[in-house]
file run.pdb (PDB, C-alpha atoms)
ATOM      1  CA  MET A   1      67.892  23.361  -0.235  1.00  0.00           C
ATOM      2  CA  LYS A   2      69.679  26.555  -1.184  1.00  0.00           C
ATOM      3  CA  GLU A   3      71.948  24.970  -3.812  1.00  0.00           C
ATOM      4  CA  GLU A   4      69.153  23.222  -5.660  1.00  0.00           C
ATOM      5  CA  LYS A   5      67.063  26.405  -5.639  1.00  0.00           C
ATOM      6  CA  ALA A   6      70.039  28.390  -6.969  1.00  0.00           C
ATOM      7  CA  ALA A   7      70.635  25.821  -9.707  1.00  0.00           C
ATOM      8  CA  ARG A   8      66.973  25.947 -10.742  1.00  0.00           C
ATOM      9  CA  GLN A   9      67.079  29.750 -10.899  1.00  0.00           C
ATOM     10  CA  GLY A  10      70.132  29.564 -13.165  1.00  0.00           C
ATOM     11  CA  LYS A  11      72.311  31.446 -10.702  1.00  0.00           C
ATOM     12  CA  ARG A  12      75.874  31.077 -11.905  1.00  0.00           C
ATOM     13  CA  PHE A  13      79.153  31.959 -10.265  1.00  0.00           C
ATOM     14  CA  LYS A  14      82.254  32.790 -12.221  1.00  0.00           C
ATOM     15  CA  ARG A  15      84.665  30.654 -10.163  1.00  0.00           C
ATOM     16  CA  LEU A  16      83.553  28.261  -7.423  1.00  0.00           C
ATOM     17  CA  GLY A  17      85.779  26.286  -5.068  1.00  0.00           C
ATOM     18  CA  LEU A  18      85.042  22.749  -3.927  1.00  0.00           C
ATOM     19  CA  GLY A  19      87.508  20.829  -1.797  1.00  0.00           C
ATOM     20  CA  GLY A  20      87.665  17.187  -0.884  1.00  0.00           C
ATOM     21  CA  THR A  21      89.580  13.958  -0.622  1.00  0.00           C
ATOM     22  CA  PHE A  22      87.409  12.213  -3.226  1.00  0.00           C
ATOM     23  CA  ASP A  23      88.536   8.818  -1.968  1.00  0.00           C
ATOM     24  CA  LEU A  24      86.625   5.954  -3.615  1.00  0.00           C
ATOM     25  CA  LEU A  25      84.631   8.271  -5.898  1.00  0.00           C
ATOM     26  CA  HIS A  26      80.977   7.506  -5.159  1.00  0.00           C
ATOM     27  CA  ARG A  27      77.439   8.660  -5.930  1.00  0.00           C
ATOM     28  CA  GLY A  28      77.625  11.401  -3.298  1.00  0.00           C
ATOM     29  CA  HIS A  29      80.772  12.837  -4.887  1.00  0.00           C
ATOM     30  CA  GLU A  30      79.186  12.644  -8.327  1.00  0.00           C
ATOM     31  CA  HIS A  31      76.126  14.552  -7.091  1.00  0.00           C
ATOM     32  CA  VAL A  32      78.116  17.391  -5.546  1.00  0.00           C
ATOM     33  CA  LEU A  33      80.446  17.630  -8.554  1.00  0.00           C
ATOM     34  CA  ARG A  34      77.489  17.944 -10.925  1.00  0.00           C
ATOM     35  CA  LEU A  35      75.930  20.538  -8.625  1.00  0.00           C
ATOM     36  CA  ALA A  36      79.158  22.579  -8.584  1.00  0.00           C
ATOM     37  CA  PHE A  37      79.158  22.734 -12.386  1.00  0.00           C
ATOM     38  CA  GLN A  38      75.468  23.703 -12.444  1.00  0.00           C
ATOM     39  CA  LEU A  39      76.317  26.645 -10.215  1.00  0.00           C
ATOM     40  CA  ALA A  40      79.536  27.920 -11.802  1.00  0.00           C
ATOM     41  CA  GLU A  41      81.271  28.523 -15.085  1.00  0.00           C
ATOM     42  CA  LYS A  42      84.615  27.322 -13.666  1.00  0.00           C
ATOM     43  CA  VAL A  43      85.091  24.950 -10.727  1.00  0.00           C
ATOM     44  CA  VAL A  44      88.347  24.779  -8.805  1.00  0.00           C
ATOM     45  CA  LEU A  45      88.548  21.307  -7.284  1.00  0.00           C
ATOM     46  CA  GLY A  46      90.896  21.308  -4.313  1.00  0.00           C
ATOM     47  CA  LEU A  47      92.067  17.708  -4.028  1.00  0.00           C
ATOM     48  CA  SER A  48      93.567  16.818  -0.640  1.00  0.00           C
ATOM     49  CA  THR A  49      97.202  15.778  -0.760  1.00  0.00           C
ATOM     50  CA  ASP A  50      98.071  12.425   0.785  1.00  0.00           C
ATOM     51  CA  GLY A  51      99.372  14.195   3.899  1.00  0.00           C
ATOM     52  CA  LEU A  52      96.214  16.233   4.417  1.00  0.00           C
ATOM     53  CA  ALA A  53      93.921  13.287   3.606  1.00  0.00           C
ATOM     54  CA  SER A  54      95.593  10.915   6.055  1.00  0.00           C
ATOM     55  CA  GLY A  55      95.472  13.592   8.765  1.00  0.00           C
ATOM     56  CA  ILE A  56      91.753  14.182   8.217  1.00  0.00           C
ATOM     57  CA  LYS A  57      90.534  10.650   7.616  1.00  0.00           C
ATOM     58  CA  LYS A  58      92.687   8.641  10.041  1.00  0.00           C
ATOM     59  CA  ARG A  59      92.289   5.590   7.811  1.00  0.00           C
ATOM     60  CA  LYS A  60      93.669   4.136   4.617  1.00  0.00           C
ATOM     61  CA  ILE A  61      93.278   6.532   1.684  1.00  0.00           C
ATOM     62  CA  THR A  62      93.793   5.916  -2.028  1.00  0.00           C
ATOM     63  CA  PRO A  63      97.001   7.693  -3.174  1.00  0.00           C
ATOM     64  CA  TYR A  64      96.648  11.229  -4.574  1.00  0.00           C
ATOM     65  CA  GLN A  65      97.538  10.389  -8.188  1.00  0.00           C
ATOM     66  CA  GLU A  66      94.954   7.600  -8.325  1.00  0.00           C
ATOM     67  CA  ARG A  67      92.256   9.831  -6.778  1.00  0.00           C
ATOM     68  CA  ARG A  68      93.142  12.550  -9.286  1.00  0.00           C
ATOM     69  CA  LYS A  69      92.897  10.122 -12.229  1.00  0.00           C
ATOM     70  CA  ARG A  70      89.437   8.951 -11.080  1.00  0.00           C
ATOM     71  CA  LEU A  71      88.306  12.560 -10.747  1.00  0.00           C
ATOM     72  CA  GLU A  72      89.678  13.412 -14.210  1.00  0.00           C
ATOM     73  CA  SER A  73      87.913  10.355 -15.704  1.00  0.00           C
ATOM     74  CA  PHE A  74      84.603  11.412 -14.172  1.00  0.00           C
ATOM     75  CA  LEU A  75      85.003  14.977 -15.455  1.00  0.00           C
ATOM     76  CA  GLU A  76      85.854  13.688 -18.927  1.00  0.00           C
ATOM     77  CA  ARG A  77      82.802  11.362 -19.008  1.00  0.00           C
ATOM     78  CA  GLU A  78      80.606  14.289 -17.979  1.00  0.00           C
ATOM     79  CA  GLY A  79      82.143  16.661 -20.552  1.00  0.00           C
ATOM     80  CA  LEU A  80      83.349  19.027 -17.810  1.00  0.00           C
ATOM     81  CA  THR A  81      87.128  18.879 -18.201  1.00  0.00           C
ATOM     82  CA  GLY A  82      87.402  22.326 -19.820  1.00  0.00           C
ATOM     83  CA  ARG A  83      85.555  23.971 -16.938  1.00  0.00           C
ATOM     84  CA  ALA A  84      87.522  22.280 -14.160  1.00  0.00           C
ATOM     85  CA  GLU A  85      90.820  23.040 -12.513  1.00  0.00           C
ATOM     86  CA  ILE A  86      92.176  20.397 -10.130  1.00  0.00           C
ATOM     87  CA  VAL A  87      94.647  21.749  -7.599  1.00  0.00           C
ATOM     88  CA  PRO A  88      96.378  19.921  -4.743  1.00  0.00           C
ATOM     89  CA  ILE A  89      95.533  21.294  -1.311  1.00  0.00           C
ATOM     90  CA  SER A  90      97.587  20.696   1.807  1.00  0.00           C
ATOM     91  CA  SER A  91      95.391  22.667   4.236  1.00  0.00           C
ATOM     92  CA  ARG A  92      91.682  22.399   4.986  1.00  0.00           C
ATOM     93  CA  LEU A  93      91.069  25.936   3.712  1.00  0.00           C
ATOM     94  CA  GLY A  94      92.662  25.155   0.354  1.00  0.00           C
ATOM     95  CA  THR A  95      93.258  27.783  -2.310  1.00  0.00           C
ATOM     96  CA  ALA A  96      89.996  29.621  -1.569  1.00  0.00           C
ATOM     97  CA  VAL A  97      91.864  31.877   0.865  1.00  0.00           C
ATOM     98  CA  GLU A  98      94.243  33.149  -1.814  1.00  0.00           C
ATOM     99  CA  ASP A  99      92.306  33.054  -5.096  1.00  0.00           C
ATOM    100  CA  PRO A 100      91.113  36.623  -5.830  1.00  0.00           C
ATOM    101  CA  GLU A 101      88.856  35.426  -8.677  1.00  0.00           C
ATOM    102  CA  MET A 102      86.929  32.893  -6.595  1.00  0.00           C
ATOM    103  CA  ASP A 103      83.435  34.143  -5.833  1.00  0.00           C
ATOM    104  CA  ALA A 104      81.840  31.095  -4.166  1.00  0.00           C
ATOM    105  CA  VAL A 105      82.579  27.907  -2.272  1.00  0.00           C
ATOM    106  CA  LEU A 106      80.428  24.794  -2.074  1.00  0.00           C
ATOM    107  CA  VAL A 107      80.575  22.969   1.263  1.00  0.00           C
ATOM    108  CA  SER A 108      78.647  20.267   3.077  1.00  0.00           C
ATOM    109  CA  ARG A 109      76.481  21.436   5.961  1.00  0.00           C
ATOM    110  CA  GLU A 110      79.016  19.811   8.299  1.00  0.00           C
ATOM    111  CA  ASN A 111      81.716  22.134   6.939  1.00  0.00           C
ATOM    112  CA  LEU A 112      79.900  25.473   7.123  1.00  0.00           C
ATOM    113  CA  SER A 113      82.280  26.598   9.873  1.00  0.00           C
ATOM    114  CA  ARG A 114      85.192  25.957   7.498  1.00  0.00           C
ATOM    115  CA  ALA A 115      83.604  28.337   4.988  1.00  0.00           C
ATOM    116  CA  SER A 116      83.446  31.017   7.688  1.00  0.00           C
ATOM    117  CA  MET A 117      87.147  30.467   8.351  1.00  0.00           C
ATOM    118  CA  ILE A 118      87.838  30.872   4.619  1.00  0.00           C
ATOM    119  CA  ASN A 119      86.047  34.229   4.571  1.00  0.00           C
ATOM    120  CA  GLU A 120      87.818  35.398   7.725  1.00  0.00           C
ATOM    121  CA  GLU A 121      91.184  34.583   6.146  1.00  0.00           C
ATOM    122  CA  ARG A 122      90.216  36.225   2.850  1.00  0.00           C
ATOM    123  CA  LYS A 123      89.249  39.380   4.730  1.00  0.00           C
ATOM    124  CA  ARG A 124      92.586  39.306   6.589  1.00  0.00           C
ATOM    125  CA  ARG A 125      94.337  39.110   3.204  1.00  0.00           C
ATOM    126  CA  GLY A 126      92.319  41.967   1.730  1.00  0.00           C
ATOM    127  CA  LEU A 127      90.154  39.780  -0.536  1.00  0.00           C
ATOM    128  CA  LYS A 128      86.390  39.946  -0.988  1.00  0.00           C
ATOM    129  CA  PRO A 129      84.463  37.230   0.853  1.00  0.00           C
ATOM    130  CA  VAL A 130      83.092  34.343  -1.194  1.00  0.00           C
ATOM    131  CA  GLU A 131      79.453  33.372  -1.237  1.00  0.00           C
ATOM    132  CA  VAL A 132      78.871  30.132   0.654  1.00  0.00           C
ATOM    133  CA  VAL A 133      76.578  27.489  -0.813  1.00  0.00           C
ATOM    134  CA  SER A 134      75.915  24.338   1.195  1.00  0.00           C
ATOM    135  CA  PHE A 135      74.668  20.905   0.267  1.00  0.00           C
ATOM    136  CA  GLU A 136      73.246  17.880   2.031  1.00  0.00           C
ATOM    137  CA  LYS A 137      75.151  14.629   1.732  1.00  0.00           C
ATOM    138  CA  VAL A 138      73.617  11.925  -0.455  1.00  0.00           C
ATOM    139  CA  LEU A 139      72.120   9.085   1.551  1.00  0.00           C
ATOM    140  CA  ALA A 140      72.555   5.364   1.029  1.00  0.00           C
ATOM    141  CA  GLU A 141      69.572   2.989   0.940  1.00  0.00           C
ATOM    142  CA  ASN A 142      69.615   2.786   4.744  1.00  0.00           C
ATOM    143  CA  GLY A 143      69.213   6.556   5.163  1.00  0.00           C
ATOM    144  CA  ARG A 144      72.793   7.219   6.302  1.00  0.00           C
ATOM    145  CA  PRO A 145      75.287   9.289   4.261  1.00  0.00           C
ATOM    146  CA  ILE A 146      77.337   7.587   1.575  1.00  0.00           C
ATOM    147  CA  SER A 147      81.001   7.810   2.588  1.00  0.00           C
ATOM    148  CA  GLY A 148      84.350   6.361   1.642  1.00  0.00           C
ATOM    149  CA  ALA A 149      84.729   4.905   5.144  1.00  0.00           C
ATOM    150  CA  ARG A 150      81.466   2.967   4.815  1.00  0.00           C
ATOM    151  CA  ILE A 151      82.397   1.754   1.328  1.00  0.00           C
ATOM    152  CA  ARG A 152      85.894   0.696   2.428  1.00  0.00           C
ATOM    153  CA  ALA A 153      84.369  -1.152   5.402  1.00  0.00           C
ATOM    154  CA  GLY A 154      82.182  -3.162   2.999  1.00  0.00           C
ATOM    155  CA  GLU A 155      78.993  -1.770   4.518  1.00  0.00           C
ATOM    156  CA  ILE A 156      77.699  -0.090   1.330  1.00  0.00           C
ATOM    157  CA  ALA A 157      78.518   0.055  -2.380  1.00  0.00           C
ATOM    158  CA  ARG A 158      79.593   3.248  -4.193  1.00  0.00           C
ATOM    159  CA  ARG A 159      76.026   3.833  -5.420  1.00  0.00           C
ATOM    160  CA  GLY A 160      74.647   3.482  -1.850  1.00  0.00           C
ATOM    161  CA  ALA A 161      73.308  -0.080  -1.870  1.00  0.00           C
ATOM    162  CA  VAL A 162      73.600  -1.743   1.537  1.00  0.00           C
ATOM    163  CA  LEU A 163      75.982  -4.709   1.448  1.00  0.00           C
ATOM    164  CA  ARG A 164      75.897  -5.706   5.125  1.00  0.00           C
ATOM    165  CA  LYS A 165      74.503  -4.439   8.367  1.00  0.00           C
ATOM    166  CA  ALA A 166      76.694  -1.817  10.060  1.00  0.00           C
ATOM    167  CA  LYS A 167      78.128  -2.401  13.504  1.00  0.00           C
ATOM    168  CA  ALA A 168      76.614  -0.159  16.153  1.00  0.00           C
ATOM    169  CA  GLY A 169      78.227   3.287  15.997  1.00  0.00           C
ATOM    170  CA  GLY A 170      80.450   2.450  13.013  1.00  0.00           C
ATOM    171  CA  GLY A 171      81.101   3.844   9.547  1.00  0.00           C
ATOM    172  CA  SER A 172      80.809   7.594   9.217  1.00  0.00           C
TER
END
call {"tool": "encode", "arguments": {"input": "run.pdb", "output": "structure tokens"}}
result
Amino acid sequence: MKEEKAARQGKRFKRLGLGGTFDLLHRGHEHVLRLAFQLAEKVVLGLSTDGLASGIKKRKITPYQERRKRLESFLEREGLTGRAEIVPISSRLGTAVEDPEMDAVLVSRENLSRASMINEERKRRGLKPVEVVSFEKVLAENGRPISGARIRAGEIARRGAVLRKAKAGGGS
């Protein structure tokens, strides 16, 4: 995987963007957050506002302030608070389209097209494109991605342990 190879080689970015809802902070979130800080000196965490999150997820979402507090607690436990900047985002492209200092974004493979949209918008605004680094989602014990929807449905725990068998086609 490109990101793990980059981390091993010590490749560091000055300012990397990572956006998300970070609902029900779980092992997958923790993995990608740690990876972001391995790759960059400063990480701008775009945290979806309640409006954006409910539009994306189409399900119950933990309120913004509570999600932010959980994220801040994780960063504090990891000793990363001084290298993080949490910003509210109300669009899927976040602040990456307007931050002239940002030199990279970290996205899941499923969101690679979003990264292309970010670079198109940056170009339109006269900004240099950002380097795109992608990651694979962390899998639960049953080989399917850990997600807030699956945790909220009681299918898996935050660390990925299977709690009950999923219904056919459910829980993404």
call {"tool": "closest_residue", "arguments": {"input": "run.pdb", "among": "A:Arg92, A:Arg83, A:Leu33, A:Lys14", "to": "Leu52 (chain A)", "atoms": "only C-alpha atoms"}}
result
A:Arg92
call {"tool": "residues_around", "arguments": {"input": "run.pdb", "residues": "Lys69 (chain A)", "least_positions_apart": "6", "cutoff": "12 Å", "atoms": "only C-alpha atoms", "output": "ChimeraX atom specification"}}
result
/A:22-25,47,62-63,75-76,86
call {"tool": "atom_distance", "arguments": {"input": "run.pdb", "atom1": "CA of Ser91 (chain A)", "atom2": "CA of Glu41 (chain A)"}}
result
24.6 Å
call {"tool": "closest_residue", "arguments": {"input": "run.pdb", "among": "A:Ser48, A:Thr95, A:Gln65, A:Asn111", "to": "Gly20 (chain A)", "atoms": "only C-alpha atoms"}}
result
A:Ser48
call {"tool": "closest_residue", "arguments": {"input": "run.pdb", "among": "A:Arg27, A:Lys42, A:Ile89, A:Asp103", "to": "Phe74 (chain A)", "atoms": "only C-alpha atoms"}}
result
A:Arg27
call {"tool": "resolve_selection", "arguments": {"input": "run.pdb", "expression": "the PyMOL selection byres ((chain A and resi 153-160) around 9)", "output": "PyMOL selection string"}}
result
chain A and resi 24-28+138-142+145-152+161-166+171
call {"tool": "axis_aligned_box", "arguments": {"input": "run.pdb", "around": "region 121-130 of chain A", "padding_each_side": "8 Å", "output": "lines of an AutoDock Vina configuration file"}}
result
center_x = 88.7
center_y = 38.2
center_z = 2.7
size_x = 27.2
size_y = 23.6
size_z = 23.8
call {"tool": "atom_distance", "arguments": {"input": "run.pdb", "atom1": "CA of Tyr64 (chain A)", "atom2": "CA of Gly17 (chain A)"}}
result
18.6 Å
call {"tool": "atom_distance", "arguments": {"input": "run.pdb", "atom1": "CA of Arg15 (chain A)", "atom2": "CA of Lys57 (chain A)"}}
result
27.4 Å
call {"tool": "residues_near_point", "arguments": {"input": "run.pdb", "point": "(94.3, 31.9, -2.8)", "cutoff": "10 Å", "atoms": "only C-alpha atoms", "output": "PyMOL selection string"}}
result
chain A and resi 93-102+118+121-122+125+127
call {"tool": "residues_near_point", "arguments": {"input": "run.pdb", "point": "(80.3, 14.9, -1.0)", "cutoff": "7 Å", "atoms": "all atoms listed in the file", "output": "list in words"}}
result
Gly28, His29, Val32, Ser108 and Lys137 of chain A
call {"tool": "resolve_selection", "arguments": {"input": "run.pdb", "expression": "the PyMOL selection byres ((chain A and resi 115) around 10)", "output": "MDAnalysis selection string"}}
result
chainID A and resid 93 96:97 104:109 111:114 116:121 129:134
call {"tool": "closest_residue", "arguments": {"input": "run.pdb", "among": "A:Phe135, A:Lys58, A:Glu66, A:Glu85", "to": "Val44 (chain A)", "atoms": "all atoms listed in the file"}}
result
A:Glu85
call {"tool": "decode", "arguments": {"input": "run.pdb", "residues": "region 69-161 of chain A", "atoms": "C-alpha atoms", "output": "PDB file, in the first residue's frame"}}
result
ATOM      1  CA  LYS A  69     -14.492  15.892  21.949  1.00  0.00           C
ATOM      2  CA  ARG A  70     -13.848  12.196  21.188  1.00  0.00           C
ATOM      3  CA  LEU A  71     -11.394  13.166  18.459  1.00  0.00           C
ATOM      4  CA  GLU A  72      -9.624  15.625  20.788  1.00  0.00           C
ATOM      5  CA  SER A  73      -9.412  12.944  23.519  1.00  0.00           C
ATOM      6  CA  PHE A  74      -7.846  10.477  21.093  1.00  0.00           C
ATOM      7  CA  LEU A  75      -5.323  13.066  19.891  1.00  0.00           C
ATOM      8  CA  GLU A  76      -4.439  13.948  23.480  1.00  0.00           C
ATOM      9  CA  ARG A  77      -3.931  10.270  24.450  1.00  0.00           C
ATOM     10  CA  GLU A  78      -1.663   9.839  21.430  1.00  0.00           C
ATOM     11  CA  GLY A  79       0.321  13.023  22.160  1.00  0.00           C
ATOM     12  CA  LEU A  80      -0.706  14.557  18.818  1.00  0.00           C
ATOM     13  CA  THR A  81      -2.722  17.596  19.895  1.00  0.00           C
ATOM     14  CA  GLY A  82       0.009  20.108  18.998  1.00  0.00           C
ATOM     15  CA  ARG A  83       0.250  18.777  15.449  1.00  0.00           C
ATOM     16  CA  ALA A  84      -3.490  18.706  14.774  1.00  0.00           C
ATOM     17  CA  GLU A  85      -5.951  21.324  13.653  1.00  0.00           C
ATOM     18  CA  ILE A  86      -9.632  20.352  13.763  1.00  0.00           C
ATOM     19  CA  VAL A  87     -11.821  22.400  11.451  1.00  0.00           C
ATOM     20  CA  PRO A  88     -15.549  22.047  10.761  1.00  0.00           C
ATOM     21  CA  ILE A  89     -16.365  21.225   7.149  1.00  0.00           C
ATOM     22  CA  SER A  90     -19.752  21.729   5.546  1.00  0.00           C
ATOM     23  CA  SER A  91     -18.857  20.415   2.070  1.00  0.00           C
ATOM     24  CA  ARG A  92     -17.329  17.112   0.996  1.00  0.00           C
ATOM     25  CA  LEU A  93     -14.245  18.876  -0.380  1.00  0.00           C
ATOM     26  CA  GLY A  94     -13.573  20.596   2.939  1.00  0.00           C
ATOM     27  CA  THR A  95     -10.853  23.192   3.405  1.00  0.00           C
ATOM     28  CA  ALA A  96      -8.405  21.393   1.094  1.00  0.00           C
ATOM     29  CA  VAL A  97      -9.688  23.478  -1.825  1.00  0.00           C
ATOM     30  CA  GLU A  98      -8.735  26.765  -0.168  1.00  0.00           C
ATOM     31  CA  ASP A  99      -5.702  26.020   2.017  1.00  0.00           C
ATOM     32  CA  PRO A 100      -2.593  27.196   0.108  1.00  0.00           C
ATOM     33  CA  GLU A 101      -0.250  25.485   2.600  1.00  0.00           C
ATOM     34  CA  MET A 102      -1.804  22.029   2.271  1.00  0.00           C
ATOM     35  CA  ASP A 103       0.438  19.720   0.272  1.00  0.00           C
ATOM     36  CA  ALA A 104      -1.344  16.358   0.641  1.00  0.00           C
ATOM     37  CA  VAL A 105      -4.678  14.724   1.352  1.00  0.00           C
ATOM     38  CA  LEU A 106      -5.292  11.264   2.771  1.00  0.00           C
ATOM     39  CA  VAL A 107      -8.398   9.523   1.426  1.00  0.00           C
ATOM     40  CA  SER A 108      -9.883   6.044   1.405  1.00  0.00           C
ATOM     41  CA  ARG A 109      -9.726   4.200  -1.904  1.00  0.00           C
ATOM     42  CA  GLU A 110     -13.490   4.733  -2.184  1.00  0.00           C
ATOM     43  CA  ASN A 111     -12.931   8.504  -2.127  1.00  0.00           C
ATOM     44  CA  LEU A 112     -10.145   8.819  -4.699  1.00  0.00           C
ATOM     45  CA  SER A 113     -12.540  10.615  -7.051  1.00  0.00           C
ATOM     46  CA  ARG A 114     -13.139  13.210  -4.323  1.00  0.00           C
ATOM     47  CA  ALA A 115      -9.394  13.888  -4.215  1.00  0.00           C
ATOM     48  CA  SER A 116      -9.439  14.515  -7.971  1.00  0.00           C
ATOM     49  CA  MET A 117     -12.268  16.998  -7.450  1.00  0.00           C
ATOM     50  CA  ILE A 118     -10.194  18.741  -4.761  1.00  0.00           C
ATOM     51  CA  ASN A 119      -7.272  19.146  -7.164  1.00  0.00           C
ATOM     52  CA  GLU A 120      -9.536  20.375  -9.960  1.00  0.00           C
ATOM     53  CA  GLU A 121     -10.971  23.031  -7.641  1.00  0.00           C
ATOM     54  CA  ARG A 122      -7.521  24.006  -6.362  1.00  0.00           C
ATOM     55  CA  LYS A 123      -6.344  24.459  -9.944  1.00  0.00           C
ATOM     56  CA  ARG A 124      -9.418  26.600 -10.694  1.00  0.00           C
ATOM     57  CA  ARG A 125      -8.496  28.772  -7.695  1.00  0.00           C
ATOM     58  CA  GLY A 126      -4.863  29.095  -8.747  1.00  0.00           C
ATOM     59  CA  LEU A 127      -3.473  26.769  -6.053  1.00  0.00           C
ATOM     60  CA  LYS A 128      -0.949  23.970  -6.503  1.00  0.00           C
ATOM     61  CA  PRO A 129      -2.459  20.479  -6.534  1.00  0.00           C
ATOM     62  CA  VAL A 130      -2.045  18.349  -3.421  1.00  0.00           C
ATOM     63  CA  GLU A 131      -0.470  14.928  -3.439  1.00  0.00           C
ATOM     64  CA  VAL A 132      -3.074  12.212  -2.934  1.00  0.00           C
ATOM     65  CA  VAL A 133      -2.343   9.327  -0.580  1.00  0.00           C
ATOM     66  CA  SER A 134      -4.922   6.563  -0.234  1.00  0.00           C
ATOM     67  CA  PHE A 135      -5.556   3.945   2.401  1.00  0.00           C
ATOM     68  CA  GLU A 136      -7.481   0.708   2.714  1.00  0.00           C
ATOM     69  CA  LYS A 137     -10.201   0.541   5.334  1.00  0.00           C
ATOM     70  CA  VAL A 138      -9.508  -1.583   8.408  1.00  0.00           C
ATOM     71  CA  LEU A 139     -11.433  -4.842   8.409  1.00  0.00           C
ATOM     72  CA  ALA A 140     -13.436  -6.380  11.225  1.00  0.00           C
ATOM     73  CA  GLU A 141     -12.990 -10.028  12.243  1.00  0.00           C
ATOM     74  CA  ASN A 142     -15.416 -11.094   9.506  1.00  0.00           C
ATOM     75  CA  GLY A 143     -13.342  -9.476   6.743  1.00  0.00           C
ATOM     76  CA  ARG A 144     -15.714  -6.554   6.118  1.00  0.00           C
ATOM     77  CA  PRO A 145     -14.768  -2.908   6.811  1.00  0.00           C
ATOM     78  CA  ILE A 146     -15.273  -1.497  10.284  1.00  0.00           C
ATOM     79  CA  SER A 147     -17.862   1.286  10.046  1.00  0.00           C
ATOM     80  CA  GLY A 148     -20.020   3.418  12.282  1.00  0.00           C
ATOM     81  CA  ALA A 149     -23.154   2.020  10.624  1.00  0.00           C
ATOM     82  CA  ARG A 150     -22.160  -1.552  11.498  1.00  0.00           C
ATOM     83  CA  ILE A 151     -21.270  -0.561  15.065  1.00  0.00           C
ATOM     84  CA  ARG A 152     -24.527   1.370  15.537  1.00  0.00           C
ATOM     85  CA  ALA A 153     -26.468  -1.625  14.177  1.00  0.00           C
ATOM     86  CA  GLY A 154     -24.884  -3.837  16.858  1.00  0.00           C
ATOM     87  CA  GLU A 155     -23.193  -6.022  14.253  1.00  0.00           C
ATOM     88  CA  ILE A 156     -19.600  -5.314  15.369  1.00  0.00           C
ATOM     89  CA  ALA A 157     -17.758  -3.616  18.228  1.00  0.00           C
ATOM     90  CA  ARG A 158     -15.510  -0.552  17.783  1.00  0.00           C
ATOM     91  CA  ARG A 159     -12.400  -2.764  17.692  1.00  0.00           C
ATOM     92  CA  GLY A 160     -13.950  -4.983  14.965  1.00  0.00           C
ATOM     93  CA  ALA A 161     -15.149  -7.982  16.979  1.00  0.00           C
TER      94      ALA A 161
END
